[in-house]
$ cat my_file-v6.tsv   # TSV, C-alpha atoms
chain	number	residue	atom	x	y	z
A	168	MET	CA	-6.89	26.43	10.53
A	169	GLY	CA	-10.29	25.30	9.30
A	170	THR	CA	-9.26	21.67	9.72
A	171	LEU	CA	-8.10	22.23	13.29
A	172	LYS	CA	-11.34	24.04	14.10
A	173	ARG	CA	-13.44	21.17	12.73
A	174	LEU	CA	-11.36	18.67	14.70
A	175	ASP	CA	-11.48	20.87	17.81
A	176	ALA	CA	-7.72	20.39	18.09
A	177	LYS	CA	-4.70	22.66	18.51
A	178	SER	CA	-2.48	20.60	16.25
A	179	ILE	CA	-2.49	17.53	13.99
A	180	ASP	CA	-0.26	14.71	15.19
A	181	LEU	CA	0.63	13.37	11.74
A	182	TYR	CA	0.01	15.10	8.42
A	183	MET	CA	0.66	12.92	5.39
A	184	VAL	CA	1.09	13.41	1.65
A	185	HIS	CA	-1.12	10.59	0.36
A	186	TRP	CA	0.46	10.05	-3.10
A	187	PRO	CA	3.62	11.41	-4.72
A	188	ILE	CA	2.98	14.84	-6.25
A	189	THR	CA	3.46	13.98	-9.92
A	190	LYS	CA	1.37	14.13	-13.06
A	191	VAL	CA	0.89	10.36	-13.01
A	192	GLY	CA	0.22	10.36	-9.27
A	193	MET	CA	-2.55	12.94	-9.59
A	194	ALA	CA	-4.11	11.60	-12.80
A	195	HIS	CA	-6.65	9.06	-11.59
A	196	PHE	CA	-7.97	11.44	-8.94
A	197	ALA	CA	-9.05	13.75	-11.76
A	198	THR	CA	-10.74	11.20	-14.03
A	199	GLU	CA	-14.52	11.21	-13.81
A	200	GLY	CA	-16.77	8.30	-14.76
A	201	GLU	CA	-20.33	8.44	-16.05
A	202	SER	CA	-21.59	9.17	-12.53
A	203	LYS	CA	-19.34	12.29	-12.41
A	204	ARG	CA	-17.49	10.69	-9.52
A	205	ILE	CA	-13.80	9.83	-9.62
A	206	ASP	CA	-13.26	6.73	-11.76
A	207	TYR	CA	-10.34	4.89	-10.17
A	208	SER	CA	-10.21	2.38	-13.02
A	209	LYS	CA	-8.84	5.08	-15.31
A	210	SER	CA	-5.74	7.23	-15.24
A	211	ASP	CA	-5.52	10.01	-17.81
A	212	SER	CA	-2.44	12.11	-17.11
A	213	ASP	CA	-3.31	14.42	-20.03
A	214	LYS	CA	-6.09	15.86	-17.87
A	215	ILE	CA	-3.47	17.18	-15.43
A	216	LYS	CA	-2.40	20.58	-16.69
A	217	GLU	CA	-0.37	21.74	-13.71
A	218	VAL	CA	1.59	19.88	-11.04
A	219	PRO	CA	2.40	21.72	-7.79
A	220	PRO	CA	6.13	21.66	-7.01
A	221	THR	CA	7.02	18.92	-4.52
A	222	THR	CA	9.57	21.27	-2.95
A	223	LYS	CA	6.94	23.88	-2.13
A	224	ALA	CA	4.58	21.30	-0.66
A	225	PHE	CA	7.16	20.15	1.88
A	226	GLN	CA	8.33	23.69	2.60
A	227	ASP	CA	4.74	24.62	3.42
A	228	LEU	CA	4.38	21.57	5.66
A	229	MET	CA	7.60	22.43	7.48
A	230	GLN	CA	6.30	25.96	8.05
A	231	LEU	CA	3.09	24.57	9.56
A	232	GLN	CA	5.23	22.30	11.72
A	233	LYS	CA	7.32	25.26	12.83
A	234	GLU	CA	4.14	27.08	13.81
A	235	GLY	CA	3.06	24.08	15.89
A	236	LEU	CA	0.00	23.32	13.78
A	237	ILE	CA	1.26	19.84	12.85
A	238	LYS	CA	3.63	17.67	14.87
A	239	HIS	CA	4.96	15.17	12.33
A	240	ILE	CA	5.13	14.98	8.55
A	241	GLY	CA	4.63	11.72	6.70
A	242	VAL	CA	4.18	10.38	3.20
A	243	SER	CA	2.37	7.49	1.57
A	244	ASN	CA	3.33	5.36	-1.44
A	245	PHE	CA	6.65	7.16	-1.94
A	246	GLY	CA	9.41	5.34	-3.80
A	247	VAL	CA	13.12	5.93	-3.20
A	248	ILE	CA	13.49	8.70	-5.80
A	249	GLN	CA	10.49	10.55	-4.37
A	250	LEU	CA	11.73	10.09	-0.80
A	251	LYS	CA	15.12	11.54	-1.78
A	252	GLU	CA	13.43	14.50	-3.46
A	253	ALA	CA	11.39	15.18	-0.33
A	254	LEU	CA	14.32	14.78	2.06
A	255	ALA	CA	16.37	17.21	-0.05
A	256	THR	CA	14.03	19.99	1.16
A	257	GLY	CA	15.25	19.44	4.71
A	258	VAL	CA	12.03	17.86	5.92
A	259	LYS	CA	12.12	15.11	8.51
A	260	ILE	CA	9.81	12.37	7.28
A	261	ALA	CA	8.37	10.39	10.17
A	262	VAL	CA	6.60	7.63	8.23
A	263	ASN	CA	6.02	6.17	4.78
A	264	GLN	CA	2.70	4.34	4.47
A	265	VAL	CA	2.90	1.59	1.86
A	266	ALA	CA	1.11	-1.56	0.73
A	267	TYR	CA	2.96	-4.44	2.39
A	268	ASN	CA	1.74	-7.93	3.14
A	269	LEU	CA	2.58	-11.59	2.56
A	270	LEU	CA	1.22	-11.40	-0.98
A	271	PHE	CA	2.77	-8.05	-1.91
A	272	ARG	CA	6.37	-7.59	-0.79
A	273	ALA	CA	7.66	-5.11	-3.37
A	274	VAL	CA	8.85	-2.63	-0.74
A	275	GLU	CA	11.53	-5.08	0.38
A	276	TYR	CA	13.63	-4.47	-2.73
A	277	GLU	CA	14.43	-0.78	-2.23
A	278	VAL	CA	11.91	1.20	-0.20
A	279	LEU	CA	12.10	-0.64	3.12
A	280	PRO	CA	15.93	-0.65	3.24
A	281	PHE	CA	15.97	3.07	2.39
A	282	CYS	CA	13.40	3.87	5.09
A	283	LYS	CA	15.37	1.87	7.66
A	284	LYS	CA	18.57	3.70	6.74
A	285	HIS	CA	16.91	7.12	7.11
A	286	ASN	CA	14.89	6.25	10.23
A	287	ILE	CA	11.55	6.54	8.44
A	288	GLN	CA	9.01	4.23	10.03
A	289	VAL	CA	6.91	2.10	7.70
A	290	LEU	CA	3.14	1.82	8.13
A	291	CYS	CA	1.61	-1.14	6.29
A	292	TYR	CA	-1.77	-0.80	4.65
A	293	SER	CA	-3.70	-3.68	3.08
A	294	PRO	CA	-2.14	-6.29	5.41
A	295	LEU	CA	-4.99	-8.70	4.57
A	296	MET	CA	-4.65	-8.04	0.83
A	297	GLN	CA	-8.30	-7.09	0.44
A	298	GLY	CA	-9.59	-10.29	2.01
A	299	LEU	CA	-7.28	-12.76	0.27
A	300	LEU	CA	-5.39	-13.39	3.51
A	301	THR	CA	-8.58	-14.18	5.41
A	302	GLY	CA	-9.17	-17.27	3.25
A	303	ARG	CA	-12.37	-15.80	1.87
A	304	TYR	CA	-11.46	-16.21	-1.80
A	305	LYS	CA	-10.38	-19.56	-3.26
A	306	SER	CA	-9.87	-18.55	-6.89
A	307	THR	CA	-9.87	-15.51	-9.17
A	308	LYS	CA	-13.53	-16.02	-10.11
A	309	ASP	CA	-14.49	-15.57	-6.44
A	310	VAL	CA	-12.89	-12.11	-6.26
A	311	PRO	CA	-15.16	-9.14	-7.09
A	312	PRO	CA	-13.93	-7.18	-10.16
A	313	TYR	CA	-13.33	-4.04	-8.08
A	314	ARG	CA	-10.91	-5.97	-5.86
A	315	ALA	CA	-9.26	-7.80	-8.76
A	316	ARG	CA	-7.62	-4.63	-10.08
A	317	THR	CA	-4.17	-5.13	-8.58
A	318	ARG	CA	-1.12	-6.38	-10.48
A	319	HIS	CA	-1.75	-9.87	-9.09
A	320	TYR	CA	-4.53	-10.29	-11.66
A	321	ASP	CA	-4.63	-10.38	-15.45
A	322	SER	CA	-5.62	-6.90	-16.59
A	323	ARG	CA	-7.00	-8.28	-19.87
A	324	LYS	CA	-9.85	-9.95	-17.98
A	325	ASN	CA	-11.02	-6.91	-16.03
A	326	LYS	CA	-12.11	-3.65	-17.62
A	327	LEU	CA	-11.68	-1.92	-14.24
A	328	SER	CA	-7.97	-2.73	-14.20
A	329	ARG	CA	-5.44	-0.17	-15.46
A	330	HIS	CA	-2.03	-1.76	-14.81
A	331	GLY	CA	-1.68	-3.38	-18.24
A	332	GLU	CA	0.07	-6.53	-17.01
A	333	ASN	CA	-0.77	-10.24	-17.24
A	334	GLY	CA	-0.70	-10.84	-13.51
A	335	SER	CA	0.25	-14.00	-11.61
A	336	GLU	CA	-3.15	-15.46	-10.74
A	337	GLU	CA	-2.19	-19.14	-10.59
A	338	LEU	CA	0.85	-18.42	-8.43
A	339	LEU	CA	-1.21	-16.06	-6.27
A	340	PHE	CA	-3.73	-18.69	-5.24
A	341	LYS	CA	-1.09	-21.38	-4.86
A	342	THR	CA	0.60	-19.02	-2.41
A	343	VAL	CA	-2.67	-18.42	-0.56
A	344	GLU	CA	-3.06	-22.20	-0.24
A	345	LYS	CA	0.46	-22.48	1.21
A	346	ILE	CA	-0.29	-19.82	3.81
A	347	SER	CA	-3.58	-21.53	4.70
A	348	ALA	CA	-1.74	-24.84	5.16
A	349	ILE	CA	0.88	-23.20	7.39
A	350	ALA	CA	-1.87	-21.65	9.51
A	351	ALA	CA	-3.63	-25.00	9.93
A	352	LYS	CA	-0.39	-26.82	10.73
A	353	HIS	CA	0.53	-24.44	13.53
A	354	GLY	CA	-2.94	-23.84	14.93
A	355	HIS	CA	-3.34	-20.24	13.81
A	356	THR	CA	-5.85	-18.40	11.66
A	357	MET	CA	-4.74	-16.83	8.39
A	358	VAL	CA	-5.61	-13.40	9.81
A	359	GLU	CA	-3.30	-13.98	12.77
A	360	LEU	CA	-0.42	-14.84	10.46
A	361	ALA	CA	-1.18	-12.03	8.02
A	362	LEU	CA	-1.17	-9.33	10.70
A	363	SER	CA	1.75	-10.74	12.67
A	364	TRP	CA	4.15	-11.29	9.77
A	365	PRO	CA	4.68	-7.64	8.71
A	366	LEU	CA	5.08	-6.56	12.33
A	367	LYS	CA	8.05	-8.93	12.56
A	368	GLN	CA	9.82	-7.15	9.70
A	369	PRO	CA	12.54	-4.65	10.72
A	370	GLY	CA	11.51	-1.06	10.10
A	371	VAL	CA	7.76	-1.70	10.32
A	372	SER	CA	6.02	0.10	13.17
A	373	CYS	CA	2.37	-0.84	12.63
A	374	VAL	CA	-0.21	-2.34	10.30
A	375	ILE	CA	-3.47	-0.71	9.25
A	376	ALA	CA	-6.13	-3.40	8.98
A	377	GLY	CA	-9.49	-2.58	7.46
A	378	ALA	CA	-12.85	-3.97	8.55
A	379	THR	CA	-16.47	-3.69	7.43
A	380	LYS	CA	-18.04	-5.62	10.31
A	381	GLU	CA	-17.74	-5.52	14.08
A	382	SER	CA	-16.65	-9.17	14.09
A	383	GLN	CA	-13.76	-8.30	11.79
A	384	VAL	CA	-12.62	-5.57	14.16
A	385	ASP	CA	-12.65	-8.08	17.02
A	386	SER	CA	-10.75	-10.63	14.89
A	387	ASN	CA	-8.10	-8.09	13.89
A	388	ALA	CA	-7.64	-6.93	17.47
A	389	ALA	CA	-7.31	-10.48	18.77
A	390	ALA	CA	-4.81	-11.39	16.05
A	391	SER	CA	-2.57	-8.47	16.94
A	392	VAL	CA	-1.66	-9.97	20.32
A	393	VAL	CA	-1.12	-13.56	19.21
A	394	LYS	CA	2.50	-14.67	19.49
A	395	ILE	CA	3.88	-16.25	16.32
A	396	SER	CA	7.20	-18.11	16.51
A	397	GLU	CA	10.22	-17.06	14.45
A	398	ASP	CA	10.13	-20.45	12.72
A	399	VAL	CA	6.61	-19.80	11.47
A	400	ILE	CA	7.58	-16.30	10.32
A	401	LYS	CA	10.48	-17.80	8.38
A	402	GLU	CA	8.20	-20.43	6.85
A	403	LEU	CA	5.78	-17.74	5.71
A	404	THR	CA	8.58	-15.68	4.19
A	405	GLU	CA	9.90	-18.65	2.23
A	406	SER	CA	6.45	-19.71	1.03
A	407	THR	CA	5.77	-16.28	-0.51
A	408	GLU	CA	9.17	-15.68	-2.10
A	409	ASP	CA	8.14	-16.85	-5.60
A	410	LEU	CA	5.21	-14.43	-5.71
A	411	LYS	CA	7.43	-11.61	-4.49
A	412	GLU	CA	9.82	-12.26	-7.37
A	413	ALA	CA	6.99	-12.52	-9.90
A	414	LEU	CA	5.52	-9.13	-8.96
A	415	GLY	CA	8.89	-7.40	-8.74
A	416	SER	CA	9.94	-4.11	-7.15
A	417	ASN	CA	7.11	-1.83	-8.32
A	418	ILE	CA	5.35	-0.81	-5.09
A	419	ASP	CA	2.27	0.46	-6.94
A	420	MET	CA	-0.29	-2.36	-6.80
A	421	TYR	CA	-2.57	-0.74	-9.34
A	422	GLN	CA	-0.36	0.67	-12.09
A	423	GLY	CA	2.43	-0.95	-14.03
A	424	PHE	CA	3.51	-1.42	-17.65
A	425	VAL	CA	0.88	-0.22	-20.13
A	426	ASN	CA	1.86	-0.72	-23.78
A	427	GLY	CA	5.47	-1.04	-22.72
A	428	VAL	CA	5.45	2.18	-20.67
A	429	GLN	CA	5.90	2.18	-16.91
A	430	THR	CA	2.98	4.10	-15.37
A	431	SER	CA	3.71	3.42	-11.70
A	432	ARG	CA	3.12	6.42	-9.46
A	433	CYS	CA	5.80	5.29	-7.01
A	434	CYS	CA	9.39	5.79	-8.17

$ encode --input "my_file-v6.tsv" --output "structure tokens"
Amino acid sequence: MGTLKRLDAKSIDLYMVHWPITKVGMAHFATEGESKRIDYSKSDSDKIKEVPPTTKAFQDLMQLQKEGLIKHIGVSNFGVIQLKEALATGVKIAVNQVAYNLLFRAVEYEVLPFCKKHNIQVLCYSPLMQGLLTGRYKSTKDVPPYRARTRHYDSRKNKLSRHGENGSEELLFKTVEKISAIAAKHGHTMVELALSWPLKQPGVSCVIAGATKESQVDSNAAASVVKISEDVIKELTESTEDLKEALGSNIDMYQGFVNGVQTSRCC
């Protein structure tokens, strides 16, 4: 009720579970750095002493929905196993918000087909892959360490990284070059292609594009109404297939195999 009062609203349109409710999923939110703030470069599951039952979380959300305090229930970063666990409670999941873009297509293996089958709409975050799909960065050395934490990059080179994998840096930037060439050939910007491509994928209802400047907001808005031909969409899909295969089906961009153990929060 406090949330509704602060929002001056009678109900919340969409209430989402941001990460799967697991020990691994909660770990990095509980790890403090020297500044006493959350240190997202670390993930110490031993600090998590108690994990709330997933079943109870969704039962509570359904009760709030029944009372009219929330209209729809959604999740974010849920893998197929976690989606099945949630659905087993009887909840109707409206959306699953996941990382999905031309340079990170892991959801296509299992999650997107499952969501389509169960009428769960997919919301795509990071459609510009943290600036890579704007053409801003030409090589790994151009990318700030905080942004170079995903599984695209070699974790051995970045103390902020926690995924424990060797990455696919050379293939990543070769793929960026291919997308840039396609954009130039067809008279589009990379942003236009990056925002249009996921919206052409069945099961995707919207993309969530970030911006730090007013000009970026204008650029994103303009790109959203540009018409991209099916031939160009197909060309983009084919040009990014090798990177998709290299990164595999793990939909967690930030956590992977550490010392031979899978630490992904999305199962």

$ residues_near_point --input "my_file-v6.tsv" --point "(0.8, -21.0, 13.3)" --cutoff "12 Å" --atoms "only C-alpha atoms" --output "JSON, numbers by chain"
{"A": [346, 347, 348, 349, 350, 351, 352, 353, 354, 355, 356, 357, 358, 359, 360, 361, 363, 364, 390, 393, 394, 395, 396, 397, 398, 399, 400, 401, 402, 403]}

$ atom_distance --input "my_file-v6.tsv" --atom1 "CA of Thr189 (chain A)" --atom2 "CA of Ser243 (chain A)"
13.2 Å

$ closest_residue --input "my_file-v6.tsv" --among "A:Asn325, A:Ala413, A:Ala176, A:Tyr313" --to "Ile237 (chain A)" --atoms "all atoms listed in the file"
A:Ala176

$ atom_distance --input "my_file-v6.tsv" --atom1 "CA of Ile188 (chain A)" --atom2 "CA of Pro219 (chain A)"
7.1 Å

$ closest_residue --input "my_file-v6.tsv" --among "A:Gly423, A:Pro280, A:Gly169, A:Pro187" --to "His319 (chain A)" --atoms "all atoms listed in the file"
A:Gly423

$ residues_near_point --input "my_file-v6.tsv" --point "(-1.8, 0.9, 8.3)" --cutoff "7 Å" --atoms "all atoms listed in the file" --output "list in words"
Gln264, Leu290, Cys291, Tyr292, Cys373, Val374, Ile375 and Ala376 of chain A
